[in-house]
Every structure is written in structure tokens, then in C-alpha cells.
$ cat coords_39.tsv   # TSV, C-alpha atoms
chain	number	residue	atom	x	y	z
Y	17	MET	CA	-60.00	147.74	-0.30
Y	18	SER	CA	-58.08	145.75	-2.84
Y	19	SER	CA	-54.94	146.75	-4.64
Y	20	ALA	CA	-54.80	147.04	-8.41
Y	21	GLY	CA	-53.08	143.74	-9.01
Y	22	ASP	CA	-54.62	141.13	-6.70
Y	23	THR	CA	-58.03	140.47	-8.27
Y	24	ALA	CA	-59.47	140.16	-11.76
Y	25	PRO	CA	-61.35	143.21	-13.09
Y	26	VAL	CA	-65.07	143.21	-12.32
Y	27	LEU	CA	-65.44	145.93	-14.97
Y	28	SER	CA	-63.17	146.36	-17.97
Y	29	VAL	CA	-63.61	148.99	-20.69
Y	30	LYS	CA	-61.70	148.31	-23.89
Y	31	ASN	CA	-61.09	150.79	-26.74
Y	32	LEU	CA	-64.45	152.49	-26.20
Y	33	GLU	CA	-65.68	155.16	-28.62
Y	34	SER	CA	-68.92	157.12	-28.24
Y	35	TYR	CA	-70.36	160.00	-30.26
Y	36	TYR	CA	-72.82	162.86	-29.91
Y	37	GLY	CA	-73.96	163.03	-33.51
Y	38	PRO	CA	-70.80	163.57	-35.57
Y	39	ILE	CA	-68.71	164.55	-32.52
Y	40	MET	CA	-66.52	161.87	-30.95
Y	41	ALA	CA	-66.86	162.33	-27.18
Y	42	ILE	CA	-64.69	159.45	-25.97
Y	43	ARG	CA	-61.77	158.21	-28.02
Y	44	GLY	CA	-60.50	154.67	-27.52
Y	45	VAL	CA	-60.84	154.66	-23.73
Y	46	SER	CA	-59.62	151.58	-21.85
Y	47	LEU	CA	-59.70	151.15	-18.06
Y	48	GLU	CA	-60.30	148.57	-15.34
Y	49	VAL	CA	-62.13	148.46	-12.01
Y	50	ARG	CA	-61.33	145.61	-9.64
Y	51	LYS	CA	-63.64	144.19	-7.00
Y	52	GLY	CA	-63.59	146.21	-3.78
Y	53	GLN	CA	-61.85	149.23	-5.32
Y	54	ILE	CA	-62.78	152.87	-5.58
Y	55	VAL	CA	-61.51	154.04	-8.97
Y	56	SER	CA	-61.59	157.78	-9.68
Y	57	VAL	CA	-61.74	159.30	-13.16
Y	58	LEU	CA	-60.60	162.92	-13.16
Y	59	GLY	CA	-60.87	165.60	-15.78
Y	60	ALA	CA	-62.17	169.06	-16.59
Y	61	ASN	CA	-65.58	169.84	-18.05
Y	62	GLY	CA	-65.87	168.36	-21.53
Y	63	ALA	CA	-63.23	165.69	-20.93
Y	64	GLY	CA	-65.73	162.89	-21.61
Y	65	LYS	CA	-66.20	161.61	-18.06
Y	66	THR	CA	-70.01	161.71	-18.01
Y	67	THR	CA	-70.20	160.22	-21.51
Y	68	LEU	CA	-68.03	157.34	-20.30
Y	69	LEU	CA	-70.43	156.55	-17.45
Y	70	LYS	CA	-73.48	156.88	-19.71
Y	71	THR	CA	-71.91	154.42	-22.16
Y	72	ILE	CA	-71.09	151.90	-19.42
Y	73	SER	CA	-74.60	152.14	-17.95
Y	74	GLY	CA	-76.38	151.78	-21.31
Y	75	VAL	CA	-77.78	155.31	-21.54
Y	76	MET	CA	-75.62	155.73	-24.66
Y	77	ASP	CA	-74.57	153.09	-27.17
Y	78	PRO	CA	-70.87	152.94	-28.07
Y	79	GLU	CA	-69.77	153.14	-31.67
Y	80	LYS	CA	-66.85	150.80	-30.98
Y	81	GLY	CA	-65.28	148.91	-28.11
Y	82	GLN	CA	-66.32	146.65	-25.26
Y	83	VAL	CA	-67.69	147.01	-21.74
Y	84	MET	CA	-66.86	143.75	-19.98
Y	85	HIS	CA	-68.66	142.99	-16.71
Y	86	ASN	CA	-67.73	139.72	-15.02
Y	87	GLY	CA	-66.41	138.45	-18.34
Y	88	LYS	CA	-69.48	139.38	-20.44
Y	89	ASN	CA	-69.66	142.19	-22.97
Y	90	ILE	CA	-72.60	144.40	-21.94
Y	91	ALA	CA	-71.89	147.25	-24.40
Y	92	GLY	CA	-75.15	148.40	-25.98
Y	93	ASN	CA	-77.42	146.56	-23.53
Y	94	GLU	CA	-80.55	148.32	-22.28
Y	95	PRO	CA	-80.06	150.29	-19.03
Y	96	ASP	CA	-82.53	148.16	-17.03
Y	97	ARG	CA	-80.68	145.01	-18.05
Y	98	ILE	CA	-77.40	146.56	-16.93
Y	99	VAL	CA	-78.93	147.52	-13.56
Y	100	ARG	CA	-80.13	143.93	-13.13
Y	101	SER	CA	-76.58	142.74	-13.83
Y	102	GLY	CA	-75.36	144.75	-10.84
Y	103	ILE	CA	-74.16	148.10	-12.27
Y	104	VAL	CA	-75.95	151.18	-10.92
Y	105	HIS	CA	-75.43	154.71	-12.24
Y	106	VAL	CA	-75.94	157.69	-9.89
Y	107	PRO	CA	-76.09	160.52	-12.42
Y	108	GLU	CA	-74.73	164.05	-12.28
Y	109	GLY	CA	-77.15	166.58	-10.81
Y	110	ARG	CA	-78.80	164.03	-8.47
Y	111	GLU	CA	-82.02	163.59	-10.53
Y	112	VAL	CA	-84.29	162.44	-7.70
Y	113	PHE	CA	-88.03	162.09	-8.30
Y	114	PRO	CA	-89.03	165.50	-6.88
Y	115	LEU	CA	-92.73	164.82	-6.26
Y	116	LEU	CA	-92.14	161.47	-4.56
Y	117	SER	CA	-91.20	161.17	-0.89
Y	118	VAL	CA	-87.76	160.11	0.29
Y	119	GLU	CA	-89.19	156.69	1.13
Y	120	GLU	CA	-90.81	156.34	-2.30
Y	121	ASN	CA	-87.55	157.35	-4.04
Y	122	LEU	CA	-85.72	154.59	-2.17
Y	123	LYS	CA	-88.37	152.05	-3.16
Y	124	MET	CA	-87.91	153.11	-6.80
Y	125	GLY	CA	-84.28	152.12	-6.45
Y	126	ALA	CA	-85.37	148.57	-5.59
Y	127	TYR	CA	-87.74	148.17	-8.56
Y	128	VAL	CA	-85.60	145.41	-10.13
Y	129	ARG	CA	-85.73	143.29	-6.95
Y	130	ASN	CA	-88.31	140.95	-5.41
Y	131	ASP	CA	-86.52	139.95	-2.19
Y	132	SER	CA	-88.77	141.99	0.12
Y	133	ASP	CA	-87.04	141.05	3.40
Y	134	LYS	CA	-83.61	142.05	2.06
Y	135	ILE	CA	-85.10	145.25	0.60
Y	136	LYS	CA	-86.26	146.24	4.10
Y	137	GLN	CA	-82.80	145.47	5.48
Y	138	ASP	CA	-81.17	147.60	2.78
Y	139	GLU	CA	-83.58	150.48	3.44
Y	140	ALA	CA	-82.59	150.36	7.13
Y	141	MET	CA	-78.94	150.27	6.06
Y	142	VAL	CA	-79.40	153.39	3.90
Y	143	TYR	CA	-81.04	155.23	6.81
Y	144	SER	CA	-78.15	154.21	9.08
Y	145	TYR	CA	-75.65	155.91	6.73
Y	146	PHE	CA	-77.93	158.89	6.04
Y	147	PRO	CA	-79.94	159.52	9.24
Y	148	ILE	CA	-81.28	162.83	7.89
Y	149	LEU	CA	-83.16	160.79	5.26
Y	150	ALA	CA	-84.81	158.73	7.99
Y	151	GLU	CA	-85.97	161.95	9.64
Y	152	ARG	CA	-87.42	163.17	6.32
Y	153	ARG	CA	-88.68	159.89	4.88
Y	154	LYS	CA	-92.18	161.30	4.25
Y	155	GLN	CA	-90.91	164.59	2.79
Y	156	GLN	CA	-91.05	165.27	-0.95
Y	157	ALA	CA	-87.59	164.83	-2.44
Y	158	GLY	CA	-87.85	168.09	-4.37
Y	159	THR	CA	-87.98	170.05	-1.11
Y	160	LEU	CA	-84.71	168.61	0.23
Y	161	SER	CA	-81.46	170.57	0.19
Y	162	GLY	CA	-78.88	169.81	-2.49
Y	163	GLY	CA	-76.78	167.77	-0.07
Y	164	GLN	CA	-79.78	165.78	1.10
Y	165	GLN	CA	-80.78	165.09	-2.50
Y	166	GLN	CA	-77.27	163.81	-3.20
Y	167	MET	CA	-77.56	161.50	-0.19
Y	168	LEU	CA	-80.92	160.31	-1.48
Y	169	ALA	CA	-79.52	159.67	-4.98
Y	170	ILE	CA	-76.73	157.53	-3.51
Y	171	GLY	CA	-79.20	155.78	-1.18
Y	172	ARG	CA	-81.53	155.03	-4.09
Y	173	GLY	CA	-78.59	153.52	-5.97
Y	174	LEU	CA	-77.76	151.33	-2.97
Y	175	MET	CA	-81.32	150.02	-2.97
Y	176	SER	CA	-80.57	148.23	-6.25
Y	177	SER	CA	-78.04	146.08	-4.34
Y	178	PRO	CA	-75.21	147.01	-6.73
Y	179	GLN	CA	-71.95	145.21	-7.36
Y	180	ILE	CA	-70.62	148.45	-8.85
Y	181	MET	CA	-71.79	152.03	-8.35
Y	182	LEU	CA	-71.01	154.62	-11.02
Y	183	LEU	CA	-71.00	158.01	-9.26
Y	184	ASP	CA	-71.04	161.10	-11.48
Y	185	GLU	CA	-69.78	164.31	-9.81
Y	186	PRO	CA	-71.19	163.70	-6.31
Y	187	SER	CA	-69.52	166.92	-5.07
Y	188	LEU	CA	-71.25	169.13	-7.68
Y	189	GLY	CA	-72.83	172.22	-6.15
Y	190	LEU	CA	-72.18	171.22	-2.53
Y	191	SER	CA	-70.41	173.15	0.21
Y	192	PRO	CA	-66.95	171.92	1.28
Y	193	LEU	CA	-68.43	170.62	4.54
Y	194	LEU	CA	-71.07	168.56	2.73
Y	195	VAL	CA	-68.49	167.32	0.21
Y	196	ARG	CA	-66.38	165.95	3.06
Y	197	GLU	CA	-69.44	164.33	4.61
Y	198	ILE	CA	-70.55	162.69	1.34
Y	199	PHE	CA	-67.06	161.37	0.57
Y	200	THR	CA	-66.60	160.02	4.09
Y	201	ILE	CA	-69.80	158.02	3.60
Y	202	ILE	CA	-68.68	156.86	0.14
Y	203	LYS	CA	-65.48	155.53	1.69
Y	204	ARG	CA	-67.41	153.82	4.49
Y	205	LEU	CA	-69.81	152.18	2.03
Y	206	ASN	CA	-66.86	150.82	0.08
Y	207	ARG	CA	-65.16	149.52	3.21
Y	208	GLU	CA	-68.15	148.31	5.23
Y	209	GLN	CA	-70.58	147.18	2.50
Y	210	SER	CA	-67.96	146.06	-0.06
Y	211	VAL	CA	-69.46	148.24	-2.79
Y	212	THR	CA	-67.07	148.65	-5.71
Y	213	MET	CA	-67.17	152.20	-7.06
Y	214	MET	CA	-66.20	154.12	-10.15
Y	215	LEU	CA	-66.18	157.80	-9.31
Y	216	VAL	CA	-66.13	160.62	-11.86
Y	217	GLU	CA	-65.03	163.96	-10.40
Y	218	GLN	CA	-63.58	167.37	-11.17
Y	219	ASN	CA	-62.58	167.76	-7.52
Y	220	ALA	CA	-59.31	165.85	-7.80
Y	221	LYS	CA	-58.30	166.20	-4.16
Y	222	VAL	CA	-61.37	164.56	-2.60
Y	223	ALA	CA	-61.61	161.98	-5.38
Y	224	LEU	CA	-58.00	160.83	-4.98
Y	225	ASP	CA	-58.22	160.91	-1.18
Y	226	VAL	CA	-60.82	158.10	-1.20
Y	227	ALA	CA	-59.60	156.21	-4.30
Y	228	ASP	CA	-57.36	153.20	-4.75
Y	229	TYR	CA	-56.59	153.92	-8.38
Y	230	GLY	CA	-57.11	156.86	-10.70
Y	231	TYR	CA	-57.37	157.83	-14.36
Y	232	VAL	CA	-57.12	161.30	-15.88
Y	233	MET	CA	-59.15	162.14	-18.98
Y	234	GLU	CA	-58.56	164.98	-21.43
Y	235	LEU	CA	-60.50	165.55	-24.65
Y	236	GLY	CA	-62.06	162.08	-24.55
Y	237	ARG	CA	-58.83	160.17	-23.92
Y	238	ILE	CA	-57.10	158.64	-20.90
Y	239	VAL	CA	-53.84	160.57	-20.51
Y	240	MET	CA	-52.68	159.31	-17.10
Y	241	ALA	CA	-53.34	156.21	-14.99
Y	242	ASP	CA	-51.74	155.22	-11.69
Y	243	ASP	CA	-52.21	154.37	-8.05
Y	244	ALA	CA	-54.21	157.19	-6.43
Y	245	ARG	CA	-51.41	158.08	-3.99
Y	246	ARG	CA	-48.89	158.42	-6.82
Y	247	LEU	CA	-51.32	160.53	-8.86
Y	248	GLU	CA	-51.75	162.87	-5.89
Y	249	GLN	CA	-47.97	163.33	-5.84
Y	250	SER	CA	-47.69	163.80	-9.61
Y	251	LYS	CA	-46.50	167.28	-10.56
Y	252	ASP	CA	-48.83	167.32	-13.58
Y	253	VAL	CA	-51.89	166.48	-11.49
Y	254	GLN	CA	-50.90	168.96	-8.78
Y	255	GLU	CA	-50.33	171.72	-11.32
Y	256	PHE	CA	-53.27	171.18	-13.64
Y	257	TYR	CA	-55.91	169.82	-11.25
Y	258	LEU	CA	-55.09	170.40	-7.59
Y	259	GLY	CA	-53.47	173.75	-8.34
Y	260	VAL	CA	-56.40	174.96	-10.43
Y	261	GLN	CA	-58.82	174.01	-7.65
Y	262	GLU	CA	-56.77	175.78	-4.98
Y	263	GLU	CA	-56.61	178.94	-7.10
Y	264	SER	CA	-60.37	178.74	-7.68
Y	265	GLN	CA	-60.96	178.45	-3.93
Y	266	ARG	CA	-58.69	181.44	-3.29
Y	267	GLY	CA	-60.62	183.41	-5.90
Y	268	GLN	CA	-63.93	182.57	-4.25
Y	269	LYS	CA	-62.52	183.63	-0.87
Y	270	ARG	CA	-61.30	186.94	-2.31
Y	271	TRP	CA	-64.72	187.55	-3.88
Y	272	LYS	CA	-66.49	186.91	-0.56
Y	273	GLN	CA	-64.08	189.29	1.19
Y	274	LYS	CA	-64.68	191.91	-1.50
Y	275	LYS	CA	-68.44	191.64	-0.99
Y	276	THR	CA	-67.92	192.01	2.76
Y	277	TRP	CA	-65.84	195.17	2.27
Y	278	ARG	CA	-68.68	196.69	0.27
$ encode --input "coords_39.tsv" --output "C-alpha cells"
Amino acid sequence: MSSAGDTAPVLSVKNLESYYGPIMAIRGVSLEVRKGQIVSVLGANGAGKTTLLKTISGVMDPEKGQVMHNGKNIAGNEPDRIVRSGIVHVPEGREVFPLLSVEENLKMGAYVRNDSDKIKQDEAMVYSYFPILAERRKQQAGTLSGGQQQMLAIGRGLMSSPQIMLLDEPSLGLSPLLVREIFTIIKRLNREQSVTMMLVEQNAKVALDVADYGYVMELGRIVMADDARRLEQSKDVQEFYLGVQEESQRGQKRWKQKKTWR
């Protein structure tokens, strides 16, 4: 992994503004992702994290600002053109093709490519990171568990041979055990396959554990930015993000115990 200062940004967002109708969802956001990094963007529901990824990946057009990728402004480009440029968005909620098999979903990820030999190599690589997908390659994606669908969504993204992966809430709806497994693989992919990643998460602890650098969003704005280790140690982050999560986990534990007592 690279540090924040030793390489030029492969992705640079400058003064970005995006709207849902009359409502401004992101407000002058600027951030950078450098080659080889994992950059985490933290924030509560409604902070603008998903809108940011949708704007970068072309699903939404910005009202103002720039999205610079390798020195070119791609803001407002069509999503397929952005995928071809090397930016792949793995959306929130997994969004696999439920009636297609695991194998067919992976092939859909490679639709922008024509290097058939390398596609086969990448498919084998995906199965090596997610062996359960190899076991279920002929199974319909809609019948997989939530964790397996998340693995498939990441694997499908890898099949596009990305320079940068935009991962939206990969921990959403998964058990703590599966969250650890998914994030271990994310870290391995970054280290072993040199995939640069921008990771949007509410789960601050796991996101900062794997990240090199982090940003915190509130109400559509970046309110904090620092090295991931320093953010983990920040009293504000611990109080408002890590502390909230720990209290939520304690509440869930108490609820389970209460159900057991009944």
C-alpha cells in the first residue's frame, strides 16, 4: 500500500455538487485517492456517501465540480465509458443478477473486455479468493446467501479488470463473522492484486482497519480527513462513530438476551 504523499492521485474529486431534484446531496466535496491505496469514506445514513460514489461512477451527473481520473475530467460521462476507463462501482445492496448463475454474473462483469485468455485467468483468480463461488458456479445468484452475494458482487467487479473499485457498504446486512471475512479479502485484493479502492462504510472500525486514509462526511460535506490510524485515534471519531457502533452492538446483545429470557 502507498502512503498519502508518495504518488499522484489516480482519482481526484474537486468541489463536487450533486442534487436529488431541488435537494443538494453533496456540497463541494473534494478528496483524493492515490494508486495502491484503500481510502475509506465514513458517515451516517444520509451523509451523502452513496451519492458521491454514484456521481463518480456516472450514475448521477454532478451540478458542479470535477472528477479527475488519471488527469482527465470524467464528470458526467456515461457509466459504461467510466467502467471502460477503469473505475468499477460495486453498489450498495449487492444487486447481482438473481436469475443468472454465479458463472454468468461473473461473465457479465467482463462485458467491456475482449481479452478472452485474461478473462479466464481473472475468473480463476476470483474463484481463488472466493472458493464458495467456485463450488456454486452453476447456482442462480438469487439463491445465494447475503454474504455469498456480496462476494459475487465484488468478484463481478474484479472481472472488469478495474484500476479503482468503488465499494458501497460491503458490510451491510452481514454477520460480524462475514464482515471480517469480506474485509480480509478486500485487504488481500488491494495488497496482492494492486487494486486501488474507495470504500464507503458506516462501520467505521472495519473500514479504518483496512484503510490507508479516511474521510468523514456529514450532511453532504467532508468534515474530517486524515491518515486512517490517526482517525481511529481521534476522539470525535471514537465518540460519534466507533462509540455509536459499540453501543448499538451492546443493544443488540441485550435484546438477544431478553428474547432468551422469555
$ closest_residue --input "coords_39.tsv" --among "Y:Ile180, Y:Val49, Y:Val106, Y:Val75" --to "Ala91 (chain Y)" --atoms "only C-alpha atoms"
Y:Val75
$ closest_residue --input "coords_39.tsv" --among "Y:Ala223, Y:Leu235, Y:Leu194, Y:Met214" --to "Ser73 (chain Y)" --atoms "only C-alpha atoms"
Y:Met214
$ closest_atom_pairs --input "coords_39.tsv" --of "region 161-202 of chain Y" --to "region 57-61 of chain Y" --cutoff "12 Å" --atoms "only C-alpha atoms" --output "tab-separated table"
residue	atom	partner	partner_atom	distance
Y:Leu182	CA	Y:Val57	CA	10.6
Y:Leu183	CA	Y:Val57	CA	10.1
Y:Asp184	CA	Y:Val57	CA	9.6
Y:Glu185	CA	Y:Leu58	CA	9.9
Y:Leu188	CA	Y:Asn61	CA	11.8
$ write_last_selection --input "coords_39.tsv" --atoms "C-alpha atoms" --output "short mmCIF file (atom, residue, chain, number, x, y, z; two decimals), keeping the file's coordinate frame"
data_model
loop_
_atom_site.label_atom_id
_atom_site.label_comp_id
_atom_site.auth_asym_id
_atom_site.auth_seq_id
_atom_site.Cartn_x
_atom_site.Cartn_y
_atom_site.Cartn_z
CA LEU Y 182 -71.01 154.62 -11.02
CA LEU Y 183 -71.00 158.01 -9.26
CA ASP Y 184 -71.04 161.10 -11.48
CA GLU Y 185 -69.78 164.31 -9.81
CA LEU Y 188 -71.25 169.13 -7.68
#
$ closest_atom_pairs --input "coords_39.tsv" --of "region 186-212 of chain Y" --to "region 160-167 of chain Y" --cutoff "10 Å" --atoms "all atoms listed in the file" --output "tab-separated table"
residue	atom	partner	partner_atom	distance
Y:Pro186	CA	Y:Gln166	CA	6.8
Y:Ser187	CA	Y:Gln166	CA	8.6
Y:Leu188	CA	Y:Gln166	CA	9.2
Y:Gly189	CA	Y:Gly162	CA	7.5
Y:Leu190	CA	Y:Gly163	CA	6.3
Y:Ser191	CA	Y:Gly163	CA	8.3
Y:Leu193	CA	Y:Gly163	CA	10.0
Y:Leu194	CA	Y:Gly163	CA	6.4
Y:Val195	CA	Y:Gly163	CA	8.3
Y:Glu197	CA	Y:Gly163	CA	9.4
Y:Ile198	CA	Y:Met167	CA	7.3
Y:Ile201	CA	Y:Met167	CA	9.3
$ residues_around --input "coords_39.tsv" --residues "Ser210 (chain Y)" --least-positions-apart "4" --cutoff "12 Å" --atoms "only C-alpha atoms" --output "count of residues only"
18
$ atom_distance --input "coords_39.tsv" --atom1 "CA of Gln254 (chain Y)" --atom2 "CA of Leu224 (chain Y)"
11.4 Å
$ closest_residue --input "coords_39.tsv" --among "Y:Lys221, Y:Lys251, Y:Arg237, Y:Lys134" --to "Ser56 (chain Y)" --atoms "all atoms listed in the file"
Y:Lys221
$ closest_residue --input "coords_39.tsv" --among "Y:Glu108, Y:Glu255, Y:Gly102, Y:Ile90" --to "Met213 (chain Y)" --atoms "only C-alpha atoms"
Y:Gly102
$ residues_around --input "coords_39.tsv" --residues "Val118 (chain Y)" --least-positions-apart "4" --cutoff "7 Å" --atoms "only C-alpha atoms" --output "VMD selection string"
chain Y and resid 122 149 152 to 157
$ closest_residue --input "coords_39.tsv" --among "Y:Thr71, Y:Thr66, Y:Thr212, Y:Ser132" --to "Leu27 (chain Y)" --atoms "all atoms listed in the file"
Y:Thr212
$ atom_distance --input "coords_39.tsv" --atom1 "CA of Val222 (chain Y)" --atom2 "CA of Asp242 (chain Y)"
16.2 Å
$ closest_residue --input "coords_39.tsv" --among "Y:Val83, Y:Ile135, Y:Ile42, Y:Ile72" --to "Pro25 (chain Y)" --atoms "all atoms listed in the file"
Y:Val83
$ axis_aligned_box --input "coords_39.tsv" --around "region 159-162 of chain Y" --padding-each-side "8 Å" --output "lines of an AutoDock Vina configuration file"
center_x = -83.4
center_y = 169.6
center_z = -1.1
size_x = 25.1
size_y = 18.0
size_z = 18.7
$ residues_around --input "coords_39.tsv" --residues "Ile238 (chain Y)" --least-positions-apart "3" --cutoff "12 Å" --atoms "only C-alpha atoms" --output "VMD selection string"
chain Y and resid 29 to 32 42 to 48 57 to 59 63 to 65 68 230 to 235 241 to 242
$ atom_distance --input "coords_39.tsv" --atom1 "CA of Glu94 (chain Y)" --atom2 "CA of Gln82 (chain Y)"
14.6 Å
$ build_atoms --input "coords_39.tsv" --residues "region 119-143 of chain Y" --atoms "N, CA and C atoms" --output "PDB file, in the coordinates of the input"
ATOM      1  N   GLU Y 119     -88.919 158.126   1.032  1.00  0.00           N
ATOM      2  CA  GLU Y 119     -89.190 156.690   1.130  1.00  0.00           C
ATOM      3  C   GLU Y 119     -89.563 156.104  -0.231  1.00  0.00           C
ATOM      4  N   GLU Y 120     -90.393 156.814  -0.986  1.00  0.00           N
ATOM      5  CA  GLU Y 120     -90.810 156.340  -2.300  1.00  0.00           C
ATOM      6  C   GLU Y 120     -89.644 156.334  -3.284  1.00  0.00           C
ATOM      7  N   ASN Y 121     -88.755 157.334  -3.193  1.00  0.00           N
ATOM      8  CA  ASN Y 121     -87.550 157.350  -4.040  1.00  0.00           C
ATOM      9  C   ASN Y 121     -86.697 156.122  -3.779  1.00  0.00           C
ATOM     10  N   LEU Y 122     -86.524 155.766  -2.503  1.00  0.00           N
ATOM     11  CA  LEU Y 122     -85.720 154.590  -2.170  1.00  0.00           C
ATOM     12  C   LEU Y 122     -86.368 153.320  -2.725  1.00  0.00           C
ATOM     13  N   LYS Y 123     -87.673 153.234  -2.626  1.00  0.00           N
ATOM     14  CA  LYS Y 123     -88.370 152.050  -3.160  1.00  0.00           C
ATOM     15  C   LYS Y 123     -88.215 151.964  -4.676  1.00  0.00           C
ATOM     16  N   MET Y 124     -88.152 153.116  -5.351  1.00  0.00           N
ATOM     17  CA  MET Y 124     -87.910 153.110  -6.800  1.00  0.00           C
ATOM     18  C   MET Y 124     -86.555 152.517  -7.125  1.00  0.00           C
ATOM     19  N   GLY Y 125     -85.600 152.696  -6.232  1.00  0.00           N
ATOM     20  CA  GLY Y 125     -84.280 152.120  -6.450  1.00  0.00           C
ATOM     21  C   GLY Y 125     -84.281 150.603  -6.407  1.00  0.00           C
ATOM     22  N   ALA Y 126     -85.284 150.030  -5.741  1.00  0.00           N
ATOM     23  CA  ALA Y 126     -85.370 148.570  -5.590  1.00  0.00           C
ATOM     24  C   ALA Y 126     -86.338 147.940  -6.592  1.00  0.00           C
ATOM     25  N   TYR Y 127     -86.694 148.674  -7.657  1.00  0.00           N
ATOM     26  CA  TYR Y 127     -87.740 148.170  -8.560  1.00  0.00           C
ATOM     27  C   TYR Y 127     -87.342 146.898  -9.296  1.00  0.00           C
ATOM     28  N   VAL Y 128     -86.039 146.623  -9.415  1.00  0.00           N
ATOM     29  CA  VAL Y 128     -85.600 145.410 -10.130  1.00  0.00           C
ATOM     30  C   VAL Y 128     -85.556 144.187  -9.208  1.00  0.00           C
ATOM     31  N   ARG Y 129     -85.889 144.368  -7.934  1.00  0.00           N
ATOM     32  CA  ARG Y 129     -85.730 143.290  -6.950  1.00  0.00           C
ATOM     33  C   ARG Y 129     -87.099 142.758  -6.488  1.00  0.00           C
ATOM     34  N   ASN Y 130     -87.091 141.515  -5.999  1.00  0.00           N
ATOM     35  CA  ASN Y 130     -88.310 140.950  -5.410  1.00  0.00           C
ATOM     36  C   ASN Y 130     -88.046 140.275  -4.067  1.00  0.00           C
ATOM     37  N   ASP Y 131     -86.868 140.520  -3.488  1.00  0.00           N
ATOM     38  CA  ASP Y 131     -86.520 139.950  -2.190  1.00  0.00           C
ATOM     39  C   ASP Y 131     -86.914 140.919  -1.078  1.00  0.00           C
ATOM     40  N   SER Y 132     -88.198 140.932  -0.713  1.00  0.00           N
ATOM     41  CA  SER Y 132     -88.770 141.990   0.120  1.00  0.00           C
ATOM     42  C   SER Y 132     -88.081 142.099   1.483  1.00  0.00           C
ATOM     43  N   ASP Y 133     -87.708 140.984   2.091  1.00  0.00           N
ATOM     44  CA  ASP Y 133     -87.040 141.050   3.400  1.00  0.00           C
ATOM     45  C   ASP Y 133     -85.697 141.758   3.292  1.00  0.00           C
ATOM     46  N   LYS Y 134     -84.928 141.416   2.256  1.00  0.00           N
ATOM     47  CA  LYS Y 134     -83.610 142.050   2.060  1.00  0.00           C
ATOM     48  C   LYS Y 134     -83.775 143.526   1.679  1.00  0.00           C
ATOM     49  N   ILE Y 135     -84.840 143.858   0.948  1.00  0.00           N
ATOM     50  CA  ILE Y 135     -85.100 145.250   0.600  1.00  0.00           C
ATOM     51  C   ILE Y 135     -85.293 146.079   1.875  1.00  0.00           C
ATOM     52  N   LYS Y 136     -86.050 145.538   2.824  1.00  0.00           N
ATOM     53  CA  LYS Y 136     -86.260 146.240   4.100  1.00  0.00           C
ATOM     54  C   LYS Y 136     -84.944 146.418   4.852  1.00  0.00           C
ATOM     55  N   GLN Y 137     -84.110 145.382   4.819  1.00  0.00           N
ATOM     56  CA  GLN Y 137     -82.800 145.470   5.480  1.00  0.00           C
ATOM     57  C   GLN Y 137     -81.942 146.556   4.825  1.00  0.00           C
ATOM     58  N   ASP Y 138     -81.976 146.603   3.488  1.00  0.00           N
ATOM     59  CA  ASP Y 138     -81.170 147.600   2.780  1.00  0.00           C
ATOM     60  C   ASP Y 138     -81.697 149.015   3.021  1.00  0.00           C
ATOM     61  N   GLU Y 139     -83.017 149.162   3.130  1.00  0.00           N
ATOM     62  CA  GLU Y 139     -83.580 150.480   3.440  1.00  0.00           C
ATOM     63  C   GLU Y 139     -83.095 150.946   4.821  1.00  0.00           C
ATOM     64  N   ALA Y 140     -83.102 150.029   5.790  1.00  0.00           N
ATOM     65  CA  ALA Y 140     -82.590 150.360   7.130  1.00  0.00           C
ATOM     66  C   ALA Y 140     -81.106 150.704   7.070  1.00  0.00           C
ATOM     67  N   MET Y 141     -80.365 149.985   6.225  1.00  0.00           N
ATOM     68  CA  MET Y 141     -78.940 150.270   6.060  1.00  0.00           C
ATOM     69  C   MET Y 141     -78.729 151.676   5.492  1.00  0.00           C
ATOM     70  N   VAL Y 142     -79.512 152.056   4.478  1.00  0.00           N
ATOM     71  CA  VAL Y 142     -79.400 153.390   3.900  1.00  0.00           C
ATOM     72  C   VAL Y 142     -79.675 154.454   4.965  1.00  0.00           C
ATOM     73  N   TYR Y 143     -80.708 154.260   5.759  1.00  0.00           N
ATOM     74  CA  TYR Y 143     -81.040 155.230   6.810  1.00  0.00           C
ATOM     75  C   TYR Y 143     -79.943 155.299   7.877  1.00  0.00           C
TER      76      TYR Y 143
END
